[in-house]
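See structure below.
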Amino acid sequence: MKGIITVLGKDKVGIIAKVCTYLADHNLNILDISQTIVQDYFNMMMIVDISAPSKSFEEIVEDLQHVGEEIGVEIKLQHEDIFNIMHRI
């Protein structure tokens, strides 16, 4: 099972480190990652393996929102299937 994580906000030191540390601590493996910075705005998209997390999906969603609040960015996690349906043309 895969999830899509998006991170958006003003660029600052430590965003990737904070998100990746959380993922590693909760047994979520990064399968693919892309990040860009455009005029001081940070944008990252990750595909993660969510088949064996240490917490429920809902708890991870909430935790990532709190991590985002701590560092001043918006972090969202969605199931890959939901993401694909929402972005289908």
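Just so we're on the same page: first chain in the structure tokens is A, next is B, and so on; residues restart at 1 for each chain, and ligands are numbered from 1 in the order they show up.
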Residue set, chain A restricted to helix (DSSP H, G or I), as a PyMOL selection string: chain A and resi 15-25+57-71+80-86
All strand (DSSP E or B) positions in chain A, as an MDAnalysis selection string: chainID A and resid 2:10 29:38 41:49 73:79
Please produce an output containing N, CA and C atoms for each residue in the selection, written as an mmCIF file, in the first residue's frame.
data_model
loop_
_atom_site.group_PDB
_atom_site.id
_atom_site.type_symbol
_atom_site.label_atom_id
_atom_site.label_comp_id
_atom_site.auth_asym_id
_atom_site.auth_seq_id
_atom_site.Cartn_x
_atom_site.Cartn_y
_atom_site.Cartn_z
ATOM 1 N N LYS A 2 0.509 2.233 -0.794
ATOM 2 C CA LYS A 2 1.312 3.443 -0.918
ATOM 3 C C LYS A 2 0.512 4.668 -0.503
ATOM 4 N N GLY A 3 1.245 5.667 -0.039
ATOM 5 C CA GLY A 3 0.658 6.956 0.297
ATOM 6 C C GLY A 3 1.411 8.065 -0.405
ATOM 7 N N ILE A 4 0.724 9.186 -0.587
ATOM 8 C CA ILE A 4 1.320 10.373 -1.197
ATOM 9 C C ILE A 4 1.394 11.454 -0.125
ATOM 10 N N ILE A 5 2.588 11.956 0.104
ATOM 11 C CA ILE A 5 2.787 13.044 1.061
ATOM 12 C C ILE A 5 3.160 14.286 0.271
ATOM 13 N N THR A 6 2.486 15.398 0.572
ATOM 14 C CA THR A 6 2.855 16.687 -0.011
ATOM 15 C C THR A 6 3.232 17.631 1.112
ATOM 16 N N VAL A 7 4.262 18.424 0.853
ATOM 17 C CA VAL A 7 4.744 19.412 1.825
ATOM 18 C C VAL A 7 4.881 20.734 1.085
ATOM 19 N N LEU A 8 4.206 21.767 1.584
ATOM 20 C CA LEU A 8 4.224 23.083 0.951
ATOM 21 C C LEU A 8 4.445 24.165 1.988
ATOM 22 N N GLY A 9 5.246 25.182 1.632
ATOM 23 C CA GLY A 9 5.423 26.314 2.534
ATOM 24 C C GLY A 9 6.681 27.090 2.217
ATOM 25 N N LYS A 10 6.937 28.095 3.029
ATOM 26 C CA LYS A 10 8.157 28.885 2.887
ATOM 27 C C LYS A 10 9.352 28.010 3.216
ATOM 28 N N ASN A 29 8.597 3.824 4.593
ATOM 29 C CA ASN A 29 9.730 3.887 3.680
ATOM 30 C C ASN A 29 9.430 4.823 2.514
ATOM 31 N N ILE A 30 10.384 5.675 2.180
ATOM 32 C CA ILE A 30 10.245 6.581 1.034
ATOM 33 C C ILE A 30 10.592 5.803 -0.229
ATOM 34 N N LEU A 31 9.627 5.725 -1.151
ATOM 35 C CA LEU A 31 9.823 5.013 -2.416
ATOM 36 C C LEU A 31 10.283 5.960 -3.525
ATOM 37 N N ASP A 32 9.807 7.196 -3.473
ATOM 38 C CA ASP A 32 10.177 8.193 -4.474
ATOM 39 C C ASP A 32 9.994 9.567 -3.843
ATOM 40 N N ILE A 33 10.803 10.508 -4.270
ATOM 41 C CA ILE A 33 10.729 11.855 -3.688
ATOM 42 C C ILE A 33 11.123 12.882 -4.754
ATOM 43 N N SER A 34 10.411 13.998 -4.731
ATOM 44 C CA SER A 34 10.720 15.115 -5.609
ATOM 45 C C SER A 34 10.519 16.387 -4.806
ATOM 46 N N GLN A 35 11.466 17.303 -4.923
ATOM 47 C CA GLN A 35 11.304 18.572 -4.221
ATOM 48 C C GLN A 35 11.873 19.702 -5.048
ATOM 49 N N THR A 36 11.210 20.834 -4.945
ATOM 50 C CA THR A 36 11.658 22.036 -5.640
ATOM 51 C C THR A 36 11.517 23.225 -4.708
ATOM 52 N N ILE A 37 12.289 24.242 -5.000
ATOM 53 C CA ILE A 37 12.182 25.516 -4.303
ATOM 54 C C ILE A 37 12.068 26.585 -5.376
ATOM 55 N N VAL A 38 10.976 27.329 -5.332
ATOM 56 C CA VAL A 38 10.728 28.391 -6.304
ATOM 57 C C VAL A 38 10.514 29.685 -5.530
ATOM 58 N N TYR A 41 9.746 29.351 -1.912
ATOM 59 C CA TYR A 41 8.626 28.470 -1.578
ATOM 60 C C TYR A 41 9.037 27.027 -1.829
ATOM 61 N N PHE A 42 8.875 26.206 -0.795
ATOM 62 C CA PHE A 42 9.288 24.809 -0.805
ATOM 63 C C PHE A 42 8.100 23.941 -1.197
ATOM 64 N N ASN A 43 8.342 22.971 -2.086
ATOM 65 C CA ASN A 43 7.309 22.041 -2.524
ATOM 66 C C ASN A 43 7.946 20.661 -2.609
ATOM 67 N N MET A 44 7.395 19.705 -1.874
ATOM 68 C CA MET A 44 7.923 18.346 -1.909
ATOM 69 C C MET A 44 6.773 17.360 -2.042
ATOM 70 N N MET A 45 7.001 16.337 -2.854
ATOM 71 C CA MET A 45 6.034 15.254 -2.994
ATOM 72 C C MET A 45 6.787 13.950 -2.793
ATOM 73 N N MET A 46 6.211 13.085 -1.967
ATOM 74 C CA MET A 46 6.847 11.801 -1.683
ATOM 75 C C MET A 46 5.833 10.686 -1.893
ATOM 76 N N ILE A 47 6.312 9.577 -2.411
ATOM 77 C CA ILE A 47 5.521 8.354 -2.428
ATOM 78 C C ILE A 47 6.135 7.467 -1.359
ATOM 79 N N VAL A 48 5.306 7.020 -0.416
ATOM 80 C CA VAL A 48 5.808 6.237 0.709
ATOM 81 C C VAL A 48 5.065 4.909 0.818
ATOM 82 N N ASP A 49 5.763 3.933 1.342
ATOM 83 C CA ASP A 49 5.176 2.625 1.609
ATOM 84 C C ASP A 49 4.475 2.705 2.966
ATOM 85 N N VAL A 73 4.975 24.624 7.756
ATOM 86 C CA VAL A 73 4.589 24.182 6.414
ATOM 87 C C VAL A 73 3.303 23.365 6.516
ATOM 88 N N GLU A 74 2.702 23.095 5.376
ATOM 89 C CA GLU A 74 1.508 22.257 5.329
ATOM 90 C C GLU A 74 1.905 20.878 4.826
ATOM 91 N N ILE A 75 1.589 19.852 5.619
ATOM 92 C CA ILE A 75 1.909 18.477 5.240
ATOM 93 C C ILE A 75 0.617 17.688 5.166
ATOM 94 N N LYS A 76 0.423 17.002 4.034
ATOM 95 C CA LYS A 76 -0.764 16.172 3.846
ATOM 96 C C LYS A 76 -0.338 14.777 3.411
ATOM 97 N N LEU A 77 -1.063 13.782 3.910
ATOM 98 C CA LEU A 77 -0.865 12.390 3.513
ATOM 99 C C LEU A 77 -2.191 11.850 3.017
ATOM 100 N N GLN A 78 -2.163 11.225 1.841
ATOM 101 C CA GLN A 78 -3.355 10.598 1.276
ATOM 102 C C GLN A 78 -2.990 9.201 0.783
ATOM 103 N N HIS A 79 -3.973 8.293 0.809
ATOM 104 C CA HIS A 79 -3.775 7.001 0.156
ATOM 105 C C HIS A 79 -3.552 7.250 -1.327
#
With only C-alpha atoms as the counted atoms, please give the residues lying no more than 10 Å from A:Pro53, apart from itself and same-chain residues fewer than 5 positions off, as a PDB file with all heavy atoms, in the first residue's frame.
ATOM      1  N   LEU A  23       9.097   9.879   9.350  1.00  0.00           N
ATOM      2  CA  LEU A  23       8.771   8.698   8.546  1.00  0.00           C
ATOM      3  C   LEU A  23       9.601   7.497   8.997  1.00  0.00           C
ATOM      4  O   LEU A  23       9.066   6.395   9.175  1.00  0.00           O
ATOM      5  CB  LEU A  23       8.994   8.982   7.065  1.00  0.00           C
ATOM      6  CG  LEU A  23       8.115  10.073   6.457  1.00  0.00           C
ATOM      7  CD1 LEU A  23       8.491  10.299   4.994  1.00  0.00           C
ATOM      8  CD2 LEU A  23       6.636   9.749   6.591  1.00  0.00           C
ATOM      9  N   ALA A  24      10.898   7.684   9.179  1.00  0.00           N
ATOM     10  CA  ALA A  24      11.769   6.590   9.604  1.00  0.00           C
ATOM     11  C   ALA A  24      11.372   6.067  10.985  1.00  0.00           C
ATOM     12  O   ALA A  24      11.348   4.848  11.207  1.00  0.00           O
ATOM     13  CB  ALA A  24      13.224   7.051   9.613  1.00  0.00           C
ATOM     14  N   ASP A  25      11.031   6.969  11.884  1.00  0.00           N
ATOM     15  CA  ASP A  25      10.642   6.574  13.235  1.00  0.00           C
ATOM     16  C   ASP A  25       9.350   5.761  13.261  1.00  0.00           C
ATOM     17  O   ASP A  25       9.075   5.059  14.239  1.00  0.00           O
ATOM     18  CB  ASP A  25      10.468   7.807  14.133  1.00  0.00           C
ATOM     19  CG  ASP A  25      11.790   8.468  14.479  1.00  0.00           C
ATOM     20  OD1 ASP A  25      12.857   7.854  14.251  1.00  0.00           O
ATOM     21  OD2 ASP A  25      11.756   9.615  14.975  1.00  0.00           O
ATOM     22  N   HIS A  26       8.531   5.863  12.207  1.00  0.00           N
ATOM     23  CA  HIS A  26       7.229   5.183  12.182  1.00  0.00           C
ATOM     24  C   HIS A  26       7.121   4.146  11.065  1.00  0.00           C
ATOM     25  O   HIS A  26       6.037   3.772  10.631  1.00  0.00           O
ATOM     26  CB  HIS A  26       6.113   6.222  12.114  1.00  0.00           C
ATOM     27  CG  HIS A  26       6.048   7.022  13.368  1.00  0.00           C
ATOM     28  ND1 HIS A  26       6.781   8.187  13.523  1.00  0.00           N
ATOM     29  CD2 HIS A  26       5.411   6.821  14.531  1.00  0.00           C
ATOM     30  CE1 HIS A  26       6.577   8.659  14.740  1.00  0.00           C
ATOM     31  NE2 HIS A  26       5.755   7.851  15.371  1.00  0.00           N
ATOM     32  N   ASN A  27       8.292   3.659  10.615  1.00  0.00           N
ATOM     33  CA  ASN A  27       8.373   2.544   9.668  1.00  0.00           C
ATOM     34  C   ASN A  27       7.697   2.833   8.331  1.00  0.00           C
ATOM     35  O   ASN A  27       7.059   1.955   7.742  1.00  0.00           O
ATOM     36  CB  ASN A  27       7.800   1.263  10.298  1.00  0.00           C
ATOM     37  CG  ASN A  27       8.320   0.022   9.627  1.00  0.00           C
ATOM     38  OD1 ASN A  27       9.473  -0.012   9.204  1.00  0.00           O
ATOM     39  ND2 ASN A  27       7.489  -0.990   9.508  1.00  0.00           N
ATOM     40  N   LEU A  28       7.831   4.060   7.850  1.00  0.00           N
ATOM     41  CA  LEU A  28       7.300   4.450   6.544  1.00  0.00           C
ATOM     42  C   LEU A  28       8.480   4.671   5.608  1.00  0.00           C
ATOM     43  O   LEU A  28       9.277   5.583   5.808  1.00  0.00           O
ATOM     44  CB  LEU A  28       6.465   5.725   6.661  1.00  0.00           C
ATOM     45  CG  LEU A  28       5.229   5.601   7.552  1.00  0.00           C
ATOM     46  CD1 LEU A  28       4.700   6.974   7.905  1.00  0.00           C
ATOM     47  CD2 LEU A  28       4.179   4.772   6.871  1.00  0.00           C
ATOM     48  N   ASN A  29       8.597   3.824   4.593  1.00  0.00           N
ATOM     49  CA  ASN A  29       9.730   3.887   3.680  1.00  0.00           C
ATOM     50  C   ASN A  29       9.430   4.823   2.514  1.00  0.00           C
ATOM     51  O   ASN A  29       8.363   4.758   1.918  1.00  0.00           O
ATOM     52  CB  ASN A  29      10.057   2.487   3.145  1.00  0.00           C
ATOM     53  CG  ASN A  29      11.335   2.466   2.352  1.00  0.00           C
ATOM     54  OD1 ASN A  29      12.310   3.107   2.721  1.00  0.00           O
ATOM     55  ND2 ASN A  29      11.333   1.738   1.256  1.00  0.00           N
ATOM     56  N   ILE A  60      -1.098   8.890  11.792  1.00  0.00           N
ATOM     57  CA  ILE A  60       0.032   9.419  11.026  1.00  0.00           C
ATOM     58  C   ILE A  60      -0.362  10.710  10.318  1.00  0.00           C
ATOM     59  O   ILE A  60       0.398  11.676  10.295  1.00  0.00           O
ATOM     60  CB  ILE A  60       0.561   8.364  10.036  1.00  0.00           C
ATOM     61  CG1 ILE A  60       1.196   7.212  10.821  1.00  0.00           C
ATOM     62  CG2 ILE A  60       1.568   8.975   9.069  1.00  0.00           C
ATOM     63  CD1 ILE A  60       1.527   6.000  10.004  1.00  0.00           C
TER      64      ILE A  60
END
Residues near A:Asp63, anyone? I mean within 9 Å using only C-alpha atoms, not counting same-chain ones fewer than 5 positions away, as a PDB file with all heavy atoms, in the first residue's frame.
ATOM      1  N   TYR A  22      10.531  11.687  10.979  1.00  0.00           N
ATOM      2  CA  TYR A  22       9.228  11.174  11.406  1.00  0.00           C
ATOM      3  C   TYR A  22       8.905   9.876  10.663  1.00  0.00           C
ATOM      4  O   TYR A  22       8.483   8.890  11.269  1.00  0.00           O
ATOM      5  CB  TYR A  22       8.103  12.201  11.198  1.00  0.00           C
ATOM      6  CG  TYR A  22       6.775  11.612  11.576  1.00  0.00           C
ATOM      7  CD1 TYR A  22       6.320  11.688  12.889  1.00  0.00           C
ATOM      8  CD2 TYR A  22       5.999  10.921  10.652  1.00  0.00           C
ATOM      9  CE1 TYR A  22       5.135  11.083  13.259  1.00  0.00           C
ATOM     10  CE2 TYR A  22       4.811  10.315  11.013  1.00  0.00           C
ATOM     11  CZ  TYR A  22       4.376  10.400  12.314  1.00  0.00           C
ATOM     12  OH  TYR A  22       3.197   9.783  12.684  1.00  0.00           O
ATOM     13  N   GLU A  58      -4.705   7.144  10.267  1.00  0.00           N
ATOM     14  CA  GLU A  58      -5.297   8.390  10.768  1.00  0.00           C
ATOM     15  C   GLU A  58      -4.366   9.094  11.752  1.00  0.00           C
ATOM     16  O   GLU A  58      -4.250  10.318  11.732  1.00  0.00           O
ATOM     17  CB  GLU A  58      -6.655   8.109  11.434  1.00  0.00           C
ATOM     18  CG  GLU A  58      -7.730   7.645  10.471  1.00  0.00           C
ATOM     19  CD  GLU A  58      -7.603   6.174  10.043  1.00  0.00           C
ATOM     20  OE1 GLU A  58      -6.875   5.392  10.710  1.00  0.00           O
ATOM     21  OE2 GLU A  58      -8.205   5.814   9.017  1.00  0.00           O
ATOM     22  N   GLY A  68       4.072  19.606  10.519  1.00  0.00           N
ATOM     23  CA  GLY A  68       4.005  20.760   9.624  1.00  0.00           C
ATOM     24  C   GLY A  68       3.786  22.059  10.369  1.00  0.00           C
ATOM     25  O   GLY A  68       4.425  23.074  10.080  1.00  0.00           O
TER      26      GLY A  68
END
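Atom CA of A:Lys18 lies 18.2 Å from atom CA of A:Asp40.
Distances from A:Val61, A:Ile50, A:Val67, A:Met1 to A:Ala17 were compared using only C-alpha atoms, and the smallest one belongs to A:Val67.
Relative to atom CA of A:Ser51, atom CA of A:Thr21 is found at 17.9 Å.
Note that atom CA of A:Lys12 and atom CA of A:Glu80 are 27.5 Å apart.
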